[in-house]
$ cat protein-v2.csv   # CSV, C-alpha atoms and all ligand atoms
chain,number,residue,atom,x,y,z
A,75,MET,CA,18.3,-56.5,-48.4
A,76,ASN,CA,21.8,-58.0,-47.9
A,77,ARG,CA,22.7,-57.8,-44.2
A,78,GLY,CA,26.1,-56.1,-44.5
A,79,LEU,CA,28.2,-58.9,-45.9
A,80,GLU,CA,27.8,-58.0,-49.5
A,81,ASN,CA,28.4,-60.1,-52.5
A,82,ILE,CA,29.5,-63.5,-51.1
A,83,VAL,CA,28.3,-65.6,-54.0
A,84,ILE,CA,27.9,-69.2,-54.8
A,85,LYS,CA,30.4,-69.4,-57.7
A,86,GLY,CA,30.0,-73.2,-58.2
A,87,LEU,CA,27.8,-76.0,-56.9
A,88,GLY,CA,28.1,-79.8,-57.2
A,89,ALA,CA,26.5,-82.8,-55.6
A,90,HIS,CA,27.2,-86.5,-55.6
A,91,VAL,CA,25.2,-89.6,-54.6
A,92,PRO,CA,26.5,-93.2,-54.8
A,93,GLU,CA,25.3,-95.4,-57.6
A,94,ARG,CA,23.7,-98.2,-55.5
A,95,VAL,CA,20.0,-97.7,-55.0
A,96,LEU,CA,18.3,-99.2,-52.0
A,97,THR,CA,14.5,-99.4,-52.4
A,98,ASN,CA,11.8,-99.6,-49.7
A,99,ASP,CA,11.1,-103.1,-50.9
A,100,ASP,CA,14.8,-104.0,-50.4
A,101,LEU,CA,14.5,-102.7,-46.8
A,102,SER,CA,11.4,-104.7,-46.1
A,103,LYS,CA,13.6,-107.8,-46.6
A,104,ILE,CA,16.0,-106.6,-43.9
A,105,VAL,CA,13.6,-105.2,-41.2
A,106,ASP,CA,9.8,-105.4,-40.5
A,107,THR,CA,8.6,-102.6,-42.7
A,108,SER,CA,6.9,-101.9,-46.0
A,109,ASP,CA,7.0,-99.6,-49.0
A,110,GLU,CA,3.6,-98.3,-48.0
A,111,TRP,CA,4.6,-97.4,-44.4
A,112,ILE,CA,7.8,-95.7,-45.5
A,113,ARG,CA,6.2,-93.7,-48.3
A,114,THR,CA,3.2,-92.5,-46.3
A,115,ARG,CA,5.1,-91.8,-43.0
A,116,THR,CA,8.3,-90.3,-44.5
A,117,GLY,CA,7.9,-89.6,-48.3
A,118,ILE,CA,11.0,-91.7,-49.1
A,119,GLY,CA,10.8,-94.0,-52.1
A,120,GLU,CA,14.5,-95.0,-52.4
A,121,ARG,CA,17.9,-93.9,-51.3
A,122,ARG,CA,21.5,-94.3,-52.3
A,123,ILE,CA,24.0,-96.3,-50.3
A,124,ALA,CA,27.8,-96.1,-50.7
A,125,ALA,CA,30.0,-99.1,-51.4
A,126,SER,CA,31.6,-100.7,-48.4
A,127,GLY,CA,35.1,-99.4,-49.3
A,128,GLU,CA,33.8,-95.9,-49.9
A,129,ALA,CA,34.2,-93.3,-47.2
A,130,THR,CA,32.6,-89.9,-46.6
A,131,SER,CA,35.7,-88.2,-48.0
A,132,ASP,CA,35.2,-90.1,-51.3
A,133,LEU,CA,31.7,-88.8,-51.7
A,134,CYS,CA,32.9,-85.3,-50.7
A,135,VAL,CA,35.7,-85.3,-53.3
A,136,ARG,CA,33.4,-86.0,-56.1
A,137,ALA,CA,31.0,-83.3,-55.1
A,138,ALA,CA,33.9,-80.9,-54.6
A,139,GLN,CA,35.3,-81.6,-58.1
A,140,LEU,CA,31.9,-80.9,-59.6
A,141,ALA,CA,31.6,-77.6,-57.6
A,142,ILE,CA,35.1,-76.5,-58.7
A,143,GLU,CA,34.3,-77.4,-62.3
A,144,ASP,CA,31.0,-75.4,-62.0
A,145,ALA,CA,32.9,-72.4,-60.6
A,146,LYS,CA,35.2,-72.5,-63.6
A,147,ILE,CA,38.3,-72.5,-61.4
A,148,GLU,CA,40.9,-75.1,-60.6
A,149,ALA,CA,41.5,-77.0,-57.3
A,150,LYS,CA,44.7,-75.0,-56.8
A,151,ASP,CA,42.5,-71.8,-56.6
A,152,ILE,CA,40.8,-73.0,-53.4
A,153,ASP,CA,42.3,-71.4,-50.4
A,154,LEU,CA,40.2,-72.9,-47.6
A,155,ILE,CA,38.2,-76.1,-47.1
A,156,ILE,CA,35.4,-76.3,-44.6
A,157,LEU,CA,33.6,-79.6,-44.2
A,158,GLY,CA,30.4,-80.4,-42.3
A,159,THR,CA,30.0,-84.1,-41.4
A,160,LEU,CA,28.7,-86.3,-38.7
A,161,ALA,CA,30.2,-89.5,-40.2
A,162,PRO,CA,33.9,-88.5,-40.6
A,163,ASP,CA,36.3,-91.0,-42.2
A,164,MET,CA,38.1,-91.1,-38.8
A,165,LEU,CA,37.7,-89.4,-35.4
A,166,THR,CA,40.9,-87.6,-36.3
A,167,PRO,CA,42.3,-86.2,-38.5
A,168,ALA,CA,39.5,-84.1,-40.0
A,169,THR,CA,37.8,-85.5,-43.1
A,170,ALA,CA,38.7,-82.2,-44.8
A,171,MET,CA,42.3,-83.3,-44.8
A,172,PHE,CA,41.6,-86.4,-46.8
A,173,VAL,CA,39.6,-84.3,-49.3
A,174,GLN,CA,42.4,-81.8,-49.6
A,175,HIS,CA,44.9,-84.5,-50.3
A,176,LYS,CA,42.6,-86.2,-52.9
A,177,LEU,CA,42.0,-82.9,-54.6
A,178,GLY,CA,45.8,-82.5,-54.9
A,179,ILE,CA,45.9,-79.3,-52.9
A,180,LYS,CA,48.6,-78.5,-50.4
A,181,ASN,CA,49.2,-76.1,-47.5
A,182,ILE,CA,45.8,-74.4,-47.3
A,183,PRO,CA,43.8,-74.6,-44.0
A,184,CYS,CA,41.2,-77.3,-43.8
A,185,PHE,CA,38.8,-78.2,-41.0
A,186,ASP,CA,35.6,-80.1,-40.1
A,187,PHE,CA,32.7,-78.7,-38.2
A,188,GLY,CA,29.8,-80.6,-36.6
A,189,ALA,CA,26.3,-79.1,-37.0
A,190,ALA,CA,24.7,-82.4,-38.2
A,191,CYS,CA,21.9,-81.8,-40.7
A,192,SER,CA,22.0,-78.0,-40.3
A,193,GLY,CA,25.6,-78.1,-41.7
A,194,PHE,CA,24.7,-76.1,-44.9
A,195,GLN,CA,23.5,-73.1,-43.0
A,196,TYR,CA,26.3,-73.3,-40.4
A,197,GLY,CA,28.9,-73.7,-43.2
A,198,LEU,CA,27.5,-70.7,-45.1
A,199,GLU,CA,27.8,-68.6,-42.0
A,200,ILE,CA,31.4,-69.7,-41.3
A,201,SER,CA,32.4,-69.3,-44.9
A,202,ARG,CA,31.1,-65.8,-45.3
A,203,MET,CA,32.8,-64.7,-42.1
A,204,MET,CA,36.1,-66.2,-43.3
A,205,LEU,CA,35.6,-64.4,-46.6
A,206,LEU,CA,35.6,-61.1,-44.8
A,207,ASN,CA,39.3,-61.8,-44.5
A,208,PRO,CA,40.9,-60.8,-47.9
A,209,LYS,CA,43.4,-63.6,-47.8
A,210,TYR,CA,40.6,-66.1,-48.6
A,211,LYS,CA,39.3,-65.8,-52.1
A,212,ASN,CA,37.6,-69.1,-52.9
A,213,VAL,CA,36.2,-71.1,-50.0
A,214,LEU,CA,35.2,-74.7,-50.6
A,215,LEU,CA,32.3,-75.6,-48.3
A,216,ILE,CA,31.4,-79.3,-48.4
A,217,CYS,CA,28.7,-81.2,-46.6
A,218,GLY,CA,28.9,-85.0,-46.8
A,219,ASP,CA,28.0,-88.1,-44.9
A,220,LYS,CA,28.2,-91.8,-45.3
A,221,LEU,CA,25.2,-92.1,-43.0
A,222,SER,CA,24.9,-95.8,-43.8
A,223,SER,CA,28.1,-96.3,-41.7
A,224,VAL,CA,26.3,-95.1,-38.5
A,225,THR,CA,22.9,-96.6,-39.2
A,226,ASP,CA,21.6,-99.5,-37.3
A,227,TRP,CA,20.3,-101.8,-40.0
A,228,GLN,CA,18.3,-103.8,-37.3
A,229,ASP,CA,16.4,-100.7,-36.2
A,230,ARG,CA,13.4,-100.0,-38.5
A,231,THR,CA,12.7,-96.7,-36.9
A,232,THR,CA,15.9,-95.2,-38.2
A,233,CYS,CA,17.3,-97.3,-41.1
A,234,VAL,CA,14.5,-96.4,-43.4
A,235,LEU,CA,15.4,-92.7,-43.2
A,236,PHE,CA,19.1,-92.3,-43.7
A,237,ALA,CA,21.2,-92.3,-46.9
A,238,ASP,CA,24.6,-91.3,-48.3
A,239,GLY,CA,25.5,-88.3,-50.3
A,240,ALA,CA,27.6,-85.1,-50.5
A,241,GLY,CA,27.2,-81.6,-51.8
A,242,ALA,CA,29.7,-78.8,-52.2
A,243,VAL,CA,29.8,-75.1,-53.0
A,244,VAL,CA,32.6,-72.7,-53.9
A,245,LEU,CA,32.0,-69.3,-52.2
A,246,SER,CA,33.7,-66.1,-53.3
A,247,ARG,CA,33.5,-62.3,-52.9
A,248,GLU,CA,32.2,-60.7,-56.1
A,249,PRO,CA,31.8,-57.0,-55.6
A,250,GLY,CA,28.9,-55.5,-57.7
A,251,CYS,CA,27.3,-58.9,-58.3
A,252,GLN,CA,23.5,-58.9,-57.7
A,253,CYS,CA,23.6,-62.5,-56.5
A,254,GLY,CA,24.8,-64.1,-53.3
A,255,ILE,CA,24.1,-64.9,-49.8
A,256,VAL,CA,21.4,-62.5,-48.6
A,257,ASP,CA,21.3,-63.7,-45.0
A,258,VAL,CA,22.0,-66.6,-42.7
A,259,LEU,CA,20.4,-67.4,-39.3
A,260,ILE,CA,21.7,-70.3,-37.2
A,261,GLY,CA,20.8,-71.5,-33.7
A,262,SER,CA,21.0,-74.5,-31.4
A,263,ASP,CA,19.8,-75.9,-28.1
A,264,GLY,CA,21.9,-78.4,-26.3
A,265,GLU,CA,19.1,-79.3,-23.9
A,266,HIS,CA,17.9,-81.6,-26.7
A,267,SER,CA,21.2,-83.4,-27.4
A,268,ASP,CA,19.8,-86.7,-26.3
A,269,ILE,CA,16.9,-87.0,-28.8
A,270,LEU,CA,19.2,-87.6,-31.8
A,271,SER,CA,22.7,-88.9,-31.1
A,272,ILE,CA,25.3,-91.6,-31.7
A,273,PRO,CA,26.1,-92.3,-28.0
A,274,ALA,CA,29.4,-94.2,-28.1
A,275,GLY,CA,32.7,-93.9,-29.9
A,276,GLY,CA,33.6,-90.6,-28.4
A,277,SER,CA,35.4,-89.7,-25.1
A,278,ARG,CA,32.3,-90.3,-23.0
A,279,GLU,CA,31.9,-93.9,-24.0
A,280,PRO,CA,34.8,-95.1,-26.0
A,281,ALA,CA,34.3,-98.2,-28.1
A,282,SER,CA,34.2,-101.4,-26.0
A,283,GLU,CA,32.6,-104.8,-26.3
A,284,GLN,CA,29.7,-103.5,-24.3
A,285,THR,CA,29.1,-100.5,-26.5
A,286,ILE,CA,29.2,-102.7,-29.6
A,287,ARG,CA,26.8,-105.2,-28.0
A,288,GLU,CA,24.4,-102.4,-27.0
A,289,ARG,CA,24.6,-101.0,-30.6
A,290,LYS,CA,25.6,-97.6,-29.3
A,291,HIS,CA,27.7,-96.7,-32.3
A,292,TYR,CA,24.5,-96.1,-34.3
A,293,TRP,CA,21.8,-93.5,-34.3
A,294,ARG,CA,19.5,-93.3,-31.3
A,295,MET,CA,16.5,-91.2,-32.0
A,296,ASP,CA,13.2,-90.0,-30.4
A,297,GLY,CA,11.5,-89.6,-33.8
A,298,ARG,CA,8.4,-87.9,-32.5
A,299,GLU,CA,10.3,-85.3,-30.5
A,300,VAL,CA,12.7,-84.6,-33.4
A,301,PHE,CA,9.7,-84.2,-35.7
A,302,ARG,CA,8.0,-81.7,-33.3
A,303,LEU,CA,11.1,-79.6,-32.7
A,304,ALA,CA,12.0,-79.6,-36.4
A,305,VAL,CA,8.7,-78.1,-37.4
A,306,GLN,CA,8.9,-75.6,-34.6
A,307,LYS,CA,12.5,-74.5,-34.9
A,308,MET,CA,12.7,-74.5,-38.7
A,309,GLY,CA,9.4,-72.8,-39.0
A,310,GLU,CA,10.4,-70.0,-36.5
A,311,SER,CA,13.8,-69.5,-38.2
A,312,MET,CA,12.2,-69.2,-41.6
A,313,VAL,CA,9.7,-66.7,-40.4
A,314,GLU,CA,12.4,-64.7,-38.7
A,315,ILE,CA,14.8,-64.6,-41.6
A,316,LEU,CA,12.0,-63.5,-44.0
A,317,GLU,CA,10.8,-60.8,-41.6
A,318,ARG,CA,14.3,-59.3,-40.9
A,319,ASN,CA,14.9,-59.0,-44.6
A,320,ASN,CA,11.5,-57.5,-45.3
A,321,LEU,CA,10.6,-60.4,-47.5
A,322,THR,CA,7.5,-62.6,-47.7
A,323,ILE,CA,7.1,-66.0,-49.2
A,324,ASN,CA,5.8,-64.3,-52.4
A,325,ASP,CA,9.3,-62.9,-53.0
A,326,ILE,CA,10.9,-66.4,-52.8
A,327,ASN,CA,11.2,-68.5,-55.9
A,328,HIS,CA,12.1,-71.8,-54.3
A,329,VAL,CA,11.9,-73.3,-50.8
A,330,VAL,CA,14.5,-76.0,-50.1
A,331,THR,CA,14.3,-77.4,-46.6
A,332,HIS,CA,16.3,-80.3,-45.2
A,333,GLN,CA,15.0,-83.5,-46.8
A,334,ALA,CA,14.0,-85.4,-43.7
A,335,ASN,CA,10.3,-86.2,-43.8
A,336,ILE,CA,7.7,-85.1,-46.2
A,337,ARG,CA,5.3,-84.6,-43.3
A,338,ILE,CA,7.7,-82.2,-41.7
A,339,MET,CA,7.9,-80.3,-45.0
A,340,ASP,CA,4.1,-80.2,-45.3
A,341,ALA,CA,3.7,-78.9,-41.7
A,342,ILE,CA,6.2,-76.1,-42.5
A,343,ALA,CA,4.5,-75.4,-45.8
A,344,ASN,CA,1.1,-75.0,-43.9
A,345,ARG,CA,2.6,-72.8,-41.3
A,346,LEU,CA,4.3,-70.4,-43.8
A,347,ALA,CA,1.7,-70.8,-46.5
A,348,ILE,CA,4.3,-72.0,-49.0
A,349,PRO,CA,2.6,-72.8,-52.3
A,350,PRO,CA,3.3,-76.4,-53.3
A,351,GLU,CA,4.9,-75.3,-56.6
A,352,LYS,CA,7.7,-73.5,-54.7
A,353,ALA,CA,8.6,-76.5,-52.4
A,354,ARG,CA,11.5,-78.5,-53.8
A,355,VAL,CA,11.6,-82.2,-52.8
A,356,THR,CA,14.2,-84.9,-53.6
A,357,LEU,CA,13.5,-87.0,-50.5
A,358,ASP,CA,11.6,-89.6,-52.6
A,359,LYS,CA,14.8,-90.3,-54.6
A,360,PHE,CA,17.6,-89.8,-52.1
A,361,GLY,CA,16.2,-90.1,-48.6
A,362,ASN,CA,17.8,-88.1,-45.7
A,363,THR,CA,21.4,-87.4,-46.6
A,364,SER,CA,21.9,-85.0,-43.7
A,365,ALA,CA,23.5,-81.6,-44.4
A,366,SER,CA,24.1,-82.3,-48.1
A,367,SER,CA,20.4,-82.8,-48.8
A,368,ILE,CA,19.8,-79.1,-49.5
A,369,ILE,CA,22.8,-78.9,-51.9
A,370,ILE,CA,21.7,-82.2,-53.6
A,371,THR,CA,18.2,-80.7,-54.0
A,372,ILE,CA,19.3,-77.4,-55.5
A,373,ASP,CA,21.7,-79.3,-57.8
A,374,HIS,CA,18.9,-81.7,-58.9
A,375,TYR,CA,16.4,-78.9,-59.7
A,376,ARG,CA,19.1,-76.8,-61.4
A,377,LYS,CA,19.9,-79.7,-63.7
A,378,CYS,CA,16.1,-80.0,-64.4
A,379,ASN,CA,16.1,-76.3,-65.3
A,380,VAL,CA,13.6,-75.6,-62.5
A,381,ILE,CA,16.0,-73.5,-60.4
A,382,SER,CA,17.8,-70.9,-62.4
A,383,GLN,CA,20.6,-68.3,-61.9
A,384,GLY,CA,19.3,-65.1,-60.2
A,385,GLU,CA,16.4,-66.8,-58.4
A,386,LEU,CA,15.8,-66.3,-54.7
A,387,ILE,CA,16.0,-69.5,-52.6
A,388,LEU,CA,14.9,-69.9,-49.0
A,389,THR,CA,16.6,-72.9,-47.3
A,390,ALA,CA,16.2,-74.3,-43.8
A,391,GLY,CA,17.7,-77.2,-41.9
A,392,PHE,CA,17.6,-78.9,-38.5
A,393,GLY,CA,19.5,-81.7,-37.0
A,394,ALA,CA,21.2,-83.4,-34.0
A,395,GLY,CA,22.2,-80.9,-31.3
A,396,LEU,CA,19.5,-79.7,-31.7
A,397,THR,CA,20.8,-77.4,-34.4
A,398,TRP,CA,18.8,-75.4,-36.9
A,399,GLY,CA,19.3,-72.7,-39.4
A,400,SER,CA,17.9,-70.9,-42.4
A,401,ALA,CA,19.5,-69.0,-45.3
A,402,ILE,CA,18.3,-66.8,-48.2
A,403,ILE,CA,20.4,-67.1,-51.3
A,404,ARG,CA,20.2,-65.4,-54.7
A,405,LEU,CA,21.8,-68.1,-56.9
B,501,LIG,O1,17.8,-85.3,-40.0
B,501,LIG,C1,16.9,-85.5,-38.9
B,501,LIG,C2,16.6,-86.9,-38.7
B,501,LIG,N1,15.5,-87.3,-38.0
B,501,LIG,C3,14.2,-87.0,-38.4
B,501,LIG,O2,13.9,-86.3,-39.3
B,501,LIG,C4,13.1,-87.8,-37.7
B,501,LIG,C5,11.8,-87.0,-37.5
B,501,LIG,N2,10.8,-88.0,-37.2
B,501,LIG,C6,10.2,-88.7,-38.1
B,501,LIG,O3,10.4,-88.6,-39.3
B,501,LIG,C7,9.1,-89.6,-37.7
B,501,LIG,O4,8.9,-89.5,-36.3
B,501,LIG,C8,9.4,-91.1,-38.0
B,501,LIG,C9,9.3,-91.4,-39.5
B,501,LIG,C10,10.8,-91.5,-37.5
B,501,LIG,C11,8.4,-92.1,-37.4
B,501,LIG,O5,7.1,-91.7,-37.8
B,501,LIG,P1,5.9,-91.5,-36.8
B,501,LIG,O6,4.6,-91.3,-37.5
B,501,LIG,O7,6.3,-90.5,-35.8
B,501,LIG,O8,5.8,-93.0,-36.2
B,501,LIG,P2,5.9,-93.4,-34.7
B,501,LIG,O9,7.3,-93.3,-34.2
B,501,LIG,O10,4.8,-92.8,-33.9
B,501,LIG,O11,5.5,-95.0,-34.8
B,501,LIG,C12,4.2,-95.4,-35.3
B,501,LIG,C13,4.2,-96.9,-35.4
B,501,LIG,C14,4.9,-97.6,-34.2
B,501,LIG,O12,4.1,-98.8,-34.0
B,501,LIG,P3,3.0,-98.9,-32.8
B,501,LIG,O13,3.8,-98.7,-31.6
B,501,LIG,O14,2.0,-97.9,-33.1
B,501,LIG,O15,2.6,-100.3,-33.0
B,501,LIG,C15,6.2,-98.0,-34.7
B,501,LIG,O16,6.8,-99.1,-34.1
B,501,LIG,O17,5.0,-97.3,-36.6
B,501,LIG,C16,6.0,-98.2,-36.2
B,501,LIG,N3,7.1,-98.1,-37.0
B,501,LIG,C17,7.3,-98.7,-38.2
B,501,LIG,N4,6.4,-99.5,-38.9
B,501,LIG,C18,6.8,-100.0,-40.1
B,501,LIG,C19,8.2,-97.3,-36.8
B,501,LIG,N5,9.1,-97.5,-37.8
B,501,LIG,C20,8.5,-98.3,-38.7
B,501,LIG,C21,8.9,-98.8,-40.0
B,501,LIG,N6,8.0,-99.6,-40.6
B,501,LIG,N7,10.0,-98.5,-40.6

$ encode --input "protein-v2.csv" --output "structure tokens" --more "lines below"
Ligand code: UT7
Amino acid sequence: MNRGLENIVIKGLGAHVPERVLTNDDLSKIVDTSDEWIRTRTGIGERRIAASGEATSDLCVRAAQLAIEDAKIEAKDIDLIILGTLAPDMLTPATAMFVQHKLGIKNIPCFDFGAACSGFQYGLEISRMMLLNPKYKNVLLICGDKLSSVTDWQDRTTCVLFADGAGAVVLSREPGCQCGIVDVLIGSDGEHSDILSIPAGGSREPASEQTIRERKHYWRMDGREVFRLAVQKMGESMVEILERNNLTINDINHVVTHQANIRIMDAIANRLAIPPEKARVTLDKFGNTSASSIIITIDHYRKCNVISQGELILTAGFGAGLTWGSAIIRL
């Protein structure tokens, strides 16, 4: 059942969301919206927002410390840090560098990658490939975003969705272990790069008075098109990964998709005949935290004793790019 990359296990997992809660009612005081609209159209009840002095790396460090503790190792045992983010502390250096420093680790390689909300699946694929090299023993994969820093708080079509958070996993080779990453499937289509983007601030449109005036440093989104492609691409990738591992939804204990919109999750559940009792949702509490949303959800249900060691989890994500991916993990 494992596709040739045996025994890459999740040795530790941790997640962190900021303390400050922003409710739908709070948002209705900022933009023309309502708790009723947000709940029925998205499934979001409230979300967490980082403090103004907090950066993405601060959220990531907390999640990383929890994952390292959960793995029962020390920070010095980590030999590679891979960080997926779309809201880096700075354009350069990589946010992974700030995390490395704050964790008190030196000399190990660290880098960021950009797969937006599909970061967990992309990160798993990169990590397990790196772990084929025996010089890496404990890879720290972190997904984190202070999305509130790239959210247009005047745009009701996006600001009700996004939130801040981070998740981390420690991945290691464990020969003979029955658990681990069963398979990962990732894909992308750059034709759809314009439907979900932060247009300015890069080399194409560096920051200028005009880009600031035109609010181009924030999310621009064609919500309906993202919705349509999310259902299509996530659905297809989940079907494919199940089929190529000779599994059906009956074999899966928990389905954890990217927490973007409850109606996207419902459409996927209909398409794959996922029983409601297998679908794990934290969107109502934490909103859309990008790539960390899957780790945050697994962490939440593990703490509630709903997800247990040894169970089979099907995850799927989609995001700006357009990117998508799915993964089957035995925890
Ligand atoms: O990680 C990936 C991130 N992105 C996504 O996951 C986005 C995927 N797309 C979606 O989740 C949905 O498309 C949205 C939640 C963004 C929008 O829901 P929708 O059912 O597709 O609404 P719509 O865009 O078709 O808009 C319906 C109406 C419009 O009013 P009119 O033109 O019918 O008068 C919007 O202006 O709802 C209005 N509207 C709002 N009303 C109250 C849009 N946003 C809001 C709002 N509050 N926050």

$ residues_near_ligand --input "protein-v2.csv" --ligand "ligand LIG 501 (chain B)" --cutoff "6 Å" --atoms "all atoms listed in the file" --output "list in words"
Thr107, Ser108, Trp111, Arg115, Thr116, Cys191, Arg230, Thr231, Val234, Gly297, Arg298, Val300, Phe301, Ala334, Asn335, Ser364 and Gly393 of chain A

$ closest_atom_pairs --input "protein-v2.csv" --of "range 131-150 of chain A" --to "range 159-175 of chain A" --cutoff "9 Å" --atoms "only C-alpha atoms" --output "JSON lines"
{"residue": "A:Ser131", "atom": "CA", "partner": "A:Val173", "partner_atom": "CA", "distance": 5.7}
{"residue": "A:Asp132", "atom": "CA", "partner": "A:Val173", "partner_atom": "CA", "distance": 7.5}
{"residue": "A:Cys134", "atom": "CA", "partner": "A:Val173", "partner_atom": "CA", "distance": 6.9}
{"residue": "A:Val135", "atom": "CA", "partner": "A:Val173", "partner_atom": "CA", "distance": 5.7}
{"residue": "A:Ala138", "atom": "CA", "partner": "A:Val173", "partner_atom": "CA", "distance": 8.5}

$ atom_distance --input "protein-v2.csv" --atom1 "CA of Ala124 in chain A" --atom2 "CA of Ile112 in chain A"
20.7 Å

$ closest_residue --input "protein-v2.csv" --among "A:Pro249, A:Gly86, A:Pro350, A:Gly309" --to "Lys146 in chain A" --atoms "only C-alpha atoms"
A:Gly86

$ atom_distance --input "protein-v2.csv" --atom1 "CA of Gly399 in chain A" --atom2 "CA of Ile336 in chain A"
18.3 Å

$ residues_around --input "protein-v2.csv" --residues "Leu215 in chain A" --least-positions-apart "6" --cutoff "9 Å" --atoms "only C-alpha atoms" --output "ChimeraX atom specification"
/A:138,154-158,194,197-198,201,241-245

$ closest_atom_pairs --input "protein-v2.csv" --of "range 306-403 of chain A" --to "range 268-286 of chain A" --cutoff "9 Å" --atoms "all atoms listed in the file" --output "Markdown table"
| residue | atom | partner | partner_atom | distance |
| --- | --- | --- | --- | --- |
| A:Gly393 | CA | A:Leu270 | CA | 7.9 |
| A:Ala394 | CA | A:Leu270 | CA | 5.1 |
| A:Gly395 | CA | A:Leu270 | CA | 7.4 |
| A:Leu396 | CA | A:Leu270 | CA | 7.9 |

$ closest_atom_pairs --input "protein-v2.csv" --of "range 345-390 of chain A" --to "range 401-405 of chain A" --cutoff "9 Å" --atoms "only C-alpha atoms" --output "JSON lines"
{"residue": "A:Ile381", "atom": "CA", "partner": "A:Leu405", "partner_atom": "CA", "distance": 8.7}
{"residue": "A:Ser382", "atom": "CA", "partner": "A:Leu405", "partner_atom": "CA", "distance": 7.4}
{"residue": "A:Gln383", "atom": "CA", "partner": "A:Leu405", "partner_atom": "CA", "distance": 5.1}
{"residue": "A:Gly384", "atom": "CA", "partner": "A:Leu405", "partner_atom": "CA", "distance": 5.1}
{"residue": "A:Glu385", "atom": "CA", "partner": "A:Arg404", "partner_atom": "CA", "distance": 5.5}
{"residue": "A:Leu386", "atom": "CA", "partner": "A:Arg404", "partner_atom": "CA", "distance": 4.5}
{"residue": "A:Ile387", "atom": "CA", "partner": "A:Ile403", "partner_atom": "CA", "distance": 5.2}
{"residue": "A:Leu388", "atom": "CA", "partner": "A:Ile402", "partner_atom": "CA", "distance": 4.7}
{"residue": "A:Thr389", "atom": "CA", "partner": "A:Ala401", "partner_atom": "CA", "distance": 5.3}
{"residue": "A:Ala390", "atom": "CA", "partner": "A:Ala401", "partner_atom": "CA", "distance": 6.4}

$ closest_residue --input "protein-v2.csv" --among "A:Ala341, A:Leu96, A:Ile370, A:Ile216" --to "Gly188 in chain A" --atoms "all atoms listed in the file"
A:Ile216

$ closest_residue --input "protein-v2.csv" --among "A:Asn379, A:Thr114, A:Ser222, A:Ser267" --to "Glu299 in chain A" --atoms "all atoms listed in the file"
A:Ser267

$ residues_around --input "protein-v2.csv" --residues "Ile369 in chain A" --least-positions-apart "2" --cutoff "7 Å" --atoms "all atoms listed in the file" --output "compact mmCIF listing (two decimals) with C-alpha atoms, keeping the file's coordinate frame"
# COMPACT_ATOMS: atom_id res chain seq x y z
CA ALA A 89 26.50 -82.80 -55.60
CA GLY A 241 27.20 -81.60 -51.80
CA ALA A 242 29.70 -78.80 -52.20
CA SER A 366 24.10 -82.30 -48.10
CA SER A 367 20.40 -82.80 -48.80
CA THR A 371 18.20 -80.70 -54.00
CA ILE A 372 19.30 -77.40 -55.50
CA ASP A 373 21.70 -79.30 -57.80
